[in-house]
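Okay, structure_25.cif is below, mmCIF, C-alpha atoms and all ligand atoms:
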```
data_model
#
loop_
_atom_site.label_atom_id
_atom_site.label_comp_id
_atom_site.auth_asym_id
_atom_site.auth_seq_id
_atom_site.Cartn_x
_atom_site.Cartn_y
_atom_site.Cartn_z
CA MET J 1 30.72 11.44 -11.77
CA SER J 2 32.34 14.74 -12.68
CA ARG J 3 31.01 16.37 -15.82
CA LYS J 4 34.35 18.00 -16.58
CA LEU J 5 36.36 17.13 -19.70
CA VAL J 6 38.33 18.70 -22.53
CA VAL J 7 38.00 17.44 -26.10
CA ALA J 8 40.46 18.06 -28.94
CA ASN J 9 39.10 18.15 -32.47
CA TRP J 10 42.10 17.68 -34.75
CA LYS J 11 39.95 17.70 -37.90
CA MET J 12 42.05 16.81 -41.03
CA ASN J 13 45.43 17.76 -39.57
CA LEU J 14 48.70 16.19 -38.31
CA THR J 15 50.69 13.12 -39.32
CA LEU J 16 50.55 9.95 -37.24
CA GLU J 17 53.97 10.80 -35.80
CA ASP J 18 52.82 14.35 -34.89
CA SER J 19 49.74 12.83 -33.25
CA LYS J 20 51.75 10.49 -31.04
CA ASP J 21 54.17 13.26 -30.10
CA LEU J 22 51.30 15.56 -29.10
CA ILE J 23 49.53 12.87 -27.06
CA GLN J 24 52.76 11.96 -25.28
CA LYS J 25 53.37 15.60 -24.30
CA VAL J 26 49.80 15.98 -23.04
CA ALA J 27 49.89 12.73 -21.06
CA ASN J 28 53.21 13.73 -19.47
CA SER J 29 52.10 17.23 -18.51
CA VAL J 30 48.52 17.16 -17.25
CA SER J 31 47.42 15.87 -13.90
CA PHE J 32 46.21 12.31 -13.50
CA HIS J 33 42.66 13.49 -12.71
CA ALA J 34 42.32 15.31 -16.07
CA TYR J 35 39.87 13.79 -18.55
CA VAL J 36 40.98 14.42 -22.14
CA VAL J 37 39.36 13.12 -25.32
CA ILE J 38 41.20 13.33 -28.64
CA ALA J 39 39.09 13.29 -31.81
CA ALA J 40 41.73 12.05 -34.22
CA PRO J 41 41.50 11.40 -37.98
CA ALA J 42 39.88 8.00 -38.59
CA ALA J 43 43.03 6.47 -40.08
CA TYR J 44 44.92 7.05 -36.81
CA LEU J 45 42.35 5.62 -34.39
CA HIS J 46 43.69 2.07 -34.41
CA PRO J 47 47.40 2.90 -33.92
CA LEU J 48 46.52 5.58 -31.37
CA LYS J 49 44.35 3.15 -29.42
CA ASP J 50 47.49 1.04 -28.91
CA PHE J 51 49.56 4.14 -28.19
CA ILE J 52 47.32 5.37 -25.33
CA VAL J 53 47.50 2.11 -23.37
CA GLY J 54 48.60 3.09 -19.86
CA LYS J 55 47.78 6.80 -20.45
CA LYS J 56 44.72 6.81 -18.22
CA ASN J 57 43.72 10.45 -18.73
CA ILE J 58 43.58 10.15 -22.54
CA HIS J 59 40.57 8.81 -24.46
CA LEU J 60 39.81 8.65 -28.19
CA ALA J 61 36.95 9.91 -30.32
CA ALA J 62 36.09 9.53 -33.99
CA GLN J 63 35.11 12.70 -35.84
CA ASN J 64 32.19 11.13 -37.69
CA VAL J 65 30.29 7.89 -38.25
CA HIS J 66 27.84 6.64 -40.89
CA HIS J 67 24.17 6.42 -39.94
CA GLU J 68 23.77 2.85 -41.25
CA GLU J 69 25.24 -0.20 -39.56
CA PHE J 70 26.88 -1.79 -42.65
CA GLY J 71 26.50 -1.99 -46.42
CA ALA J 72 27.54 -0.53 -49.76
CA PHE J 73 28.80 2.87 -48.57
CA THR J 74 32.30 3.11 -50.04
CA GLY J 75 34.71 5.06 -47.89
CA GLU J 76 32.44 5.21 -44.83
CA LEU J 77 32.92 3.96 -41.29
CA SER J 78 30.20 2.40 -39.11
CA ALA J 79 29.54 2.43 -35.38
CA PRO J 80 30.30 -1.32 -34.98
CA MET J 81 33.66 -0.73 -36.69
CA LEU J 82 34.52 2.00 -34.19
CA ALA J 83 33.31 -0.21 -31.34
CA SER J 84 35.53 -3.05 -32.57
CA LEU J 85 38.53 -0.71 -32.16
CA GLY J 86 37.45 0.19 -28.63
CA ILE J 87 36.71 3.82 -29.48
CA GLU J 88 34.72 5.45 -26.67
CA TYR J 89 33.45 8.71 -28.22
CA CYS J 90 32.37 10.20 -31.55
CA ILE J 91 31.68 13.80 -32.56
CA ILE J 92 28.31 14.17 -34.27
CA GLY J 93 26.81 17.21 -35.99
CA HIS J 94 29.88 19.41 -36.08
CA SER J 95 28.99 22.55 -38.04
CA GLU J 96 31.61 21.64 -40.66
CA ARG J 97 29.68 18.44 -41.35
CA ARG J 98 26.32 20.20 -41.20
CA ILE J 99 27.57 22.84 -43.69
CA HIS J 100 30.00 21.04 -46.05
CA PHE J 101 28.34 17.61 -46.01
CA LYS J 102 24.75 18.85 -45.65
CA GLU J 103 24.05 16.64 -42.63
CA LYS J 104 20.56 17.27 -41.30
CA ASN J 105 19.19 16.67 -37.81
CA GLU J 106 17.26 13.59 -39.00
CA ILE J 107 20.47 11.83 -40.15
CA LEU J 108 22.30 13.00 -37.05
CA ALA J 109 19.57 11.43 -34.89
CA GLN J 110 20.24 8.10 -36.65
CA LYS J 111 23.99 8.46 -36.11
CA VAL J 112 23.43 9.13 -32.40
CA SER J 113 21.27 6.00 -32.14
CA GLN J 114 23.85 3.88 -33.97
CA LEU J 115 26.51 5.01 -31.53
CA PHE J 116 24.41 4.20 -28.46
CA LYS J 117 23.53 0.83 -29.93
CA HIS J 118 27.25 0.03 -30.08
CA GLY J 119 28.24 1.52 -26.73
CA ILE J 120 29.92 4.69 -28.02
CA CYS J 121 29.21 8.09 -26.46
CA PRO J 122 28.18 10.82 -28.93
CA ILE J 123 29.55 14.35 -28.55
CA TYR J 124 26.64 16.19 -30.17
CA CYS J 125 27.37 19.69 -31.52
CA VAL J 126 24.85 22.51 -31.78
CA GLY J 127 25.17 26.19 -32.52
CA GLU J 128 23.87 29.13 -34.50
CA THR J 129 25.37 31.10 -37.40
CA LEU J 130 26.12 34.80 -37.05
CA GLU J 131 23.07 35.67 -39.13
CA GLN J 132 20.83 33.54 -36.89
CA ARG J 133 22.30 35.18 -33.75
CA GLU J 134 21.81 38.67 -35.18
CA LYS J 135 18.18 37.85 -35.98
CA GLY J 136 17.66 36.73 -32.36
CA LYS J 137 17.20 33.08 -33.37
CA THR J 138 19.96 31.45 -31.29
CA TYR J 139 17.62 29.65 -28.89
CA ASP J 140 15.25 28.49 -31.65
CA VAL J 141 18.14 27.04 -33.66
CA VAL J 142 19.70 25.24 -30.69
CA LYS J 143 16.30 23.96 -29.54
CA LYS J 144 15.54 22.47 -32.96
CA GLN J 145 18.99 20.83 -33.20
CA ILE J 146 18.51 19.23 -29.78
CA LYS J 147 14.87 18.26 -30.24
CA GLU J 148 15.34 16.68 -33.67
CA GLY J 149 18.74 15.16 -32.98
CA LEU J 150 18.29 13.87 -29.43
CA PHE J 151 14.74 13.83 -28.14
CA HIS J 152 14.07 10.34 -29.54
CA LEU J 153 16.52 8.97 -26.94
CA LYS J 154 15.55 7.10 -23.80
CA ASP J 155 16.49 8.57 -20.39
CA GLU J 156 19.30 6.05 -19.96
CA GLU J 157 20.74 7.05 -23.33
CA ILE J 158 20.52 10.84 -23.20
CA GLU J 159 22.02 10.96 -19.72
CA GLN J 160 25.20 9.49 -21.28
CA ILE J 161 25.52 12.11 -24.01
CA ILE J 162 27.91 15.03 -24.22
CA ILE J 163 26.67 18.24 -25.85
CA ALA J 164 28.97 20.89 -27.31
CA TYR J 165 27.62 24.39 -27.87
CA GLU J 166 29.68 25.71 -30.77
CA PRO J 167 28.45 29.00 -32.24
CA VAL J 168 29.38 28.73 -35.92
CA TRP J 169 30.65 32.33 -35.95
CA ALA J 170 33.22 31.44 -33.29
CA ILE J 171 34.70 28.32 -34.90
CA GLY J 172 38.16 28.90 -36.31
CA THR J 173 37.56 32.66 -36.46
CA GLY J 174 39.60 33.80 -33.45
CA LYS J 175 36.41 35.40 -32.10
CA ASN J 176 35.18 33.37 -29.13
CA ALA J 177 31.78 33.80 -27.51
CA THR J 178 32.18 35.73 -24.27
CA PRO J 179 31.89 33.60 -21.14
CA GLU J 180 28.54 35.33 -20.49
CA GLN J 181 27.19 34.57 -23.98
CA ALA J 182 28.25 30.92 -23.71
CA GLU J 183 26.92 30.57 -20.16
CA GLU J 184 23.51 31.90 -21.22
CA VAL J 185 23.12 29.32 -23.98
CA HIS J 186 24.47 26.47 -21.81
CA ALA J 187 21.99 27.29 -19.05
CA PHE J 188 19.23 27.37 -21.66
CA ILE J 189 20.25 23.95 -23.02
CA ARG J 190 20.21 22.34 -19.57
CA LYS J 191 16.81 23.87 -18.83
CA TYR J 192 15.41 22.66 -22.15
CA ILE J 193 16.60 19.10 -21.51
CA THR J 194 15.26 19.30 -17.94
CA GLN J 195 11.80 20.16 -19.28
CA LYS J 196 11.75 16.99 -21.36
CA TYR J 197 13.73 14.51 -19.21
CA GLY J 198 13.78 15.96 -15.69
CA GLU J 199 16.55 17.43 -13.58
CA GLU J 200 18.20 14.18 -12.56
CA VAL J 201 18.86 13.21 -16.19
CA ALA J 202 19.77 16.72 -17.41
CA ASP J 203 22.24 17.19 -14.54
CA GLU J 204 24.33 14.24 -15.77
CA ILE J 205 25.08 15.77 -19.17
CA PRO J 206 28.43 17.53 -19.73
CA LEU J 207 27.97 20.77 -21.69
CA LEU J 208 31.10 21.86 -23.55
CA TYR J 209 31.78 25.19 -25.16
CA GLY J 210 33.61 25.26 -28.51
CA GLY J 211 34.77 28.14 -30.67
CA SER J 212 38.21 29.79 -30.64
CA ILE J 213 39.17 28.58 -27.17
CA THR J 214 42.76 29.59 -26.45
CA ALA J 215 45.23 29.20 -23.60
CA GLN J 216 44.34 32.80 -22.71
CA ASN J 217 40.52 32.66 -22.64
CA ALA J 218 39.95 29.06 -21.43
CA LYS J 219 39.91 29.80 -17.70
CA SER J 220 37.28 32.55 -17.92
CA LEU J 221 35.02 30.23 -19.95
CA PHE J 222 35.50 27.14 -17.75
CA GLU J 223 34.83 29.15 -14.59
CA LYS J 224 31.20 29.63 -15.58
CA PRO J 225 28.88 27.26 -13.71
CA SER J 226 27.17 25.80 -16.79
CA ILE J 227 30.36 25.30 -18.83
CA ASP J 228 31.81 21.88 -18.02
CA GLY J 229 34.69 21.97 -20.48
CA GLY J 230 35.66 22.66 -24.05
CA LEU J 231 35.76 21.31 -27.58
CA VAL J 232 39.00 22.72 -28.93
CA GLY J 233 39.96 22.89 -32.61
CA GLY J 234 42.95 25.01 -33.66
CA ALA J 235 44.54 25.33 -30.22
CA SER J 236 44.51 21.55 -29.73
CA LEU J 237 47.12 21.16 -32.49
CA ASN J 238 49.77 22.84 -30.38
CA ALA J 239 50.86 20.83 -27.34
CA GLU J 240 51.77 23.83 -25.13
CA ASP J 241 48.49 25.65 -25.83
CA PHE J 242 46.38 22.54 -25.42
CA ILE J 243 48.07 21.62 -22.14
CA GLN J 244 47.32 25.12 -20.78
CA ILE J 245 43.67 24.73 -21.81
CA ILE J 246 43.42 21.35 -20.06
CA LYS J 247 45.04 22.81 -16.95
CA ALA J 248 42.48 25.63 -16.95
CA ASN J 249 39.79 22.97 -16.38
CA PHE J 250 41.95 20.59 -14.30
CA PRO J 251 44.38 22.67 -12.25
CA ASP J 252 47.34 20.78 -10.80
CA LYS J 253 46.48 19.45 -7.34
C1 LIG Q 301 35.90 23.12 -33.56
O1 LIG Q 301 36.19 22.88 -34.72
O2 LIG Q 301 35.16 22.33 -32.94
C2 LIG Q 301 36.43 24.31 -32.92
C3 LIG Q 301 35.91 24.70 -31.80
O3 LIG Q 301 37.47 24.93 -33.59
P1 LIG Q 301 38.33 26.18 -33.04
O4 LIG Q 301 38.71 25.89 -31.63
O5 LIG Q 301 39.50 26.23 -33.96
O6 LIG Q 301 37.45 27.39 -33.15
#
```
Representation of the structure as structure tokens:
Amino acid sequence: MSRKLVVANWKMNLTLEDSKDLIQKVANSVSFHAYVVIAAPAAYLHPLKDFIVGKKNIHLAAQNVHHEEFGAFTGELSAPMLASLGIEYCIIGHSERRIHFKEKNEILAQKVSQLFKHGICPIYCVGETLEQREKGKTYDVVKKQIKEGLFHLKDEEIEQIIIAYEPVWAIGTGKNATPEQAEEVHAFIRKYITQKYGEEVADEIPLLYGGSITAQNAKSLFEKPSIDGGLVGGASLNAEDFIQIIKANFPDK
């Protein structure tokens, strides 16, 4: 199976009508072999699941899930609920959740397990802050996020995961990591997972880059051998830009 994909993270943006319009434009414009995942606001997942029927290159992700299966957690959403809607993916550990909602690796590990238990693929985000990068701690930070968040998984689970390297200093700042900087960390991540699980397992895992991807810089990032695709925030809200980014990873045949 190809490891290539492009994921949109819409965060808390767009109306339902905007969402459908954007998906329709993407589905009409990108080639049938493209693999696109849209992380839509939770309230839109059900109507969008109906809307994407017949759009084979479009898949849906949730942006978050609770770490418990059910119970008195007002306002939260569980993995079995997402599974009952037929949602295939879920972003876990985005830096905005780590920072604003104080989510720690231990809780994220539970979320990842909940998702696997209910047949949903986690898109697990890691990445260092600017201060950590400047202190030379990038690899230590990423290692700890992966070890504590994922290394409890069995081989047959971790080989299904998607990992997004998203340096915090590049998210929503207009300052992307250079293709060389991203490639270095991606190669490190695959090597680290290889050490624990072996090459066969590590080779299955798509590694996405995220952080100020644009229609202009996408190709140079996706060309790198260890970058399998992108997690795209701001630029995924504009159909023309997002389509160009998808085409950078899935050129028309
Ligand atoms: C993100 O939020 O995951 C992200 C990468 O955002 P942006 O593309 O806007 O930097």
Report as CSV: every residue of chain J with an atom at most 7 Å from ligand LIG 301 (chain Q), its closest pair of atoms, and their distance in Å to one decimal, counting only C-alpha atoms and all ligand atoms, with rows sorted by chain and ascending residue number.
```
residue,atom,partner,partner_atom,distance
J:Asn9,CA,Q:LIG301,O2,5.8
J:His94,CA,Q:LIG301,O2,6.8
J:Glu166,CA,Q:LIG301,C3,6.4
J:Ala170,CA,Q:LIG301,O6,5.9
J:Ile171,CA,Q:LIG301,O6,3.4
J:Gly172,CA,Q:LIG301,O6,3.6
J:Thr173,CA,Q:LIG301,O6,6.2
J:Gly174,CA,Q:LIG301,O6,6.8
J:Gly210,CA,Q:LIG301,C3,4.1
J:Gly211,CA,Q:LIG301,O6,3.7
J:Ser212,CA,Q:LIG301,O6,3.6
J:Ile213,CA,Q:LIG301,O4,5.2
J:Leu231,CA,Q:LIG301,C3,5.4
J:Val232,CA,Q:LIG301,O4,4.2
J:Gly233,CA,Q:LIG301,O3,3.4
J:Gly234,CA,Q:LIG301,O5,3.7
J:Ala235,CA,Q:LIG301,O4,6.0
```
J:Ile189, J:Leu115, J:Val36, J:Leu207 ranked by distance to His67 (chain J), top pick (using all atoms listed in the file):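 Ranking J:Ile189, J:Leu115, J:Val36, J:Leu207 by distance to His67 (chain J), first place goes to J:Leu115.
If you measure from each of J:Lys25, J:His118, J:Lys104, J:Arg3 to Ile52 (chain J) using all atoms listed in the file, the closest one turns out to be J:Lys25.
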Atom pair CA of Ala39 (chain J) / CA of Tyr89 (chain J): separation (Å):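 Atom-to-atom, CA of Ala39 (chain J) to CA of Tyr89 (chain J), that is 8.1 Å.
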J:Gln181, J:Ser113, J:Asn13, J:Gln160 ranked by distance to Ser78 (chain J), top pick (using all atoms listed in the file):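 Checking each candidate against Ser78 (chain J), we get J:Ser113 as the closest.
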Counting all atoms listed in the file, the option among J:Leu60, J:Ala202, J:Ile87, J:Val30 closest to Glu240 (chain J):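 Result for the nearest residue to Glu240 (chain J): J:Val30.
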Nearest residue to Gln63 (chain J) from the set J:Lys253, J:Lys117, J:Lys137, J:Lys111 (distances using all atoms listed in the file): J:Lys111
Test item: which residues lie within 10 Å of (29.7, 15.2, -17.0) counting all atoms listed in the file, as a PyMOL selection string: chain J and resi 1-5+159-163+203-208+228-229
Taking (50.2, 7.8, -31.2) in the file's own coordinates, collect the residues within 12 Å, counting all atoms listed in the file, and hand them back as a short mmCIF file (atom, residue, chain, number, x, y, z; two decimals) with C-alpha atoms, in the frame of the given file.
```cif
data_model
loop_
_atom_site.label_atom_id
_atom_site.label_comp_id
_atom_site.auth_asym_id
_atom_site.auth_seq_id
_atom_site.Cartn_x
_atom_site.Cartn_y
_atom_site.Cartn_z
CA LEU J 14 48.70 16.19 -38.31
CA THR J 15 50.69 13.12 -39.32
CA LEU J 16 50.55 9.95 -37.24
CA GLU J 17 53.97 10.80 -35.80
CA ASP J 18 52.82 14.35 -34.89
CA SER J 19 49.74 12.83 -33.25
CA LYS J 20 51.75 10.49 -31.04
CA ASP J 21 54.17 13.26 -30.10
CA LEU J 22 51.30 15.56 -29.10
CA ILE J 23 49.53 12.87 -27.06
CA GLN J 24 52.76 11.96 -25.28
CA LYS J 25 53.37 15.60 -24.30
CA VAL J 26 49.80 15.98 -23.04
CA ALA J 27 49.89 12.73 -21.06
CA ILE J 38 41.20 13.33 -28.64
CA ALA J 40 41.73 12.05 -34.22
CA PRO J 41 41.50 11.40 -37.98
CA ALA J 43 43.03 6.47 -40.08
CA TYR J 44 44.92 7.05 -36.81
CA LEU J 45 42.35 5.62 -34.39
CA HIS J 46 43.69 2.07 -34.41
CA PRO J 47 47.40 2.90 -33.92
CA LEU J 48 46.52 5.58 -31.37
CA LYS J 49 44.35 3.15 -29.42
CA ASP J 50 47.49 1.04 -28.91
CA PHE J 51 49.56 4.14 -28.19
CA ILE J 52 47.32 5.37 -25.33
CA VAL J 53 47.50 2.11 -23.37
CA LYS J 55 47.78 6.80 -20.45
CA ILE J 58 43.58 10.15 -22.54
CA HIS J 59 40.57 8.81 -24.46
CA LEU J 60 39.81 8.65 -28.19
#
```
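Proximity of J:Asn64, J:Thr129, J:Asn238, J:Ser31 to Pro251 (chain J), computed with all atoms listed in the file, is greatest for J:Ser31.
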Near-Glu68 (chain J) list (12 Å; all atoms listed in the file; drop same-chain fewer than 5 positions) as number ranges by chain: J: 73, 76-81, 107-115, 117
Atom-to-atom span, CA of Cys121 (chain J) and CA of Gln244 (chain J), Å: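 Separating CA of Cys121 (chain J) from CA of Gln244 (chain J) is a distance of 25.5 Å.
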Atom pair CA of Lys224 (chain J) / CA of Pro122 (chain J): separation (Å): 23.3 Å
For Ala182 (chain J), work out the shell of residues within 8 Å, counting all atoms listed in the file and skipping chain neighbours fewer than 4 positions away, then give it as a tab-separated table (two decimals) with C-alpha atoms, in the frame of the given file.
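And here's result02.tsv as it stands now:
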```tsv
chain	number	residue	atom	x	y	z
J	165	TYR	CA	27.62	24.39	-27.87
J	177	ALA	CA	31.78	33.80	-27.51
J	178	THR	CA	32.18	35.73	-24.27
J	186	HIS	CA	24.47	26.47	-21.81
J	209	TYR	CA	31.78	25.19	-25.16
J	221	LEU	CA	35.02	30.23	-19.95
J	227	ILE	CA	30.36	25.30	-18.83
```
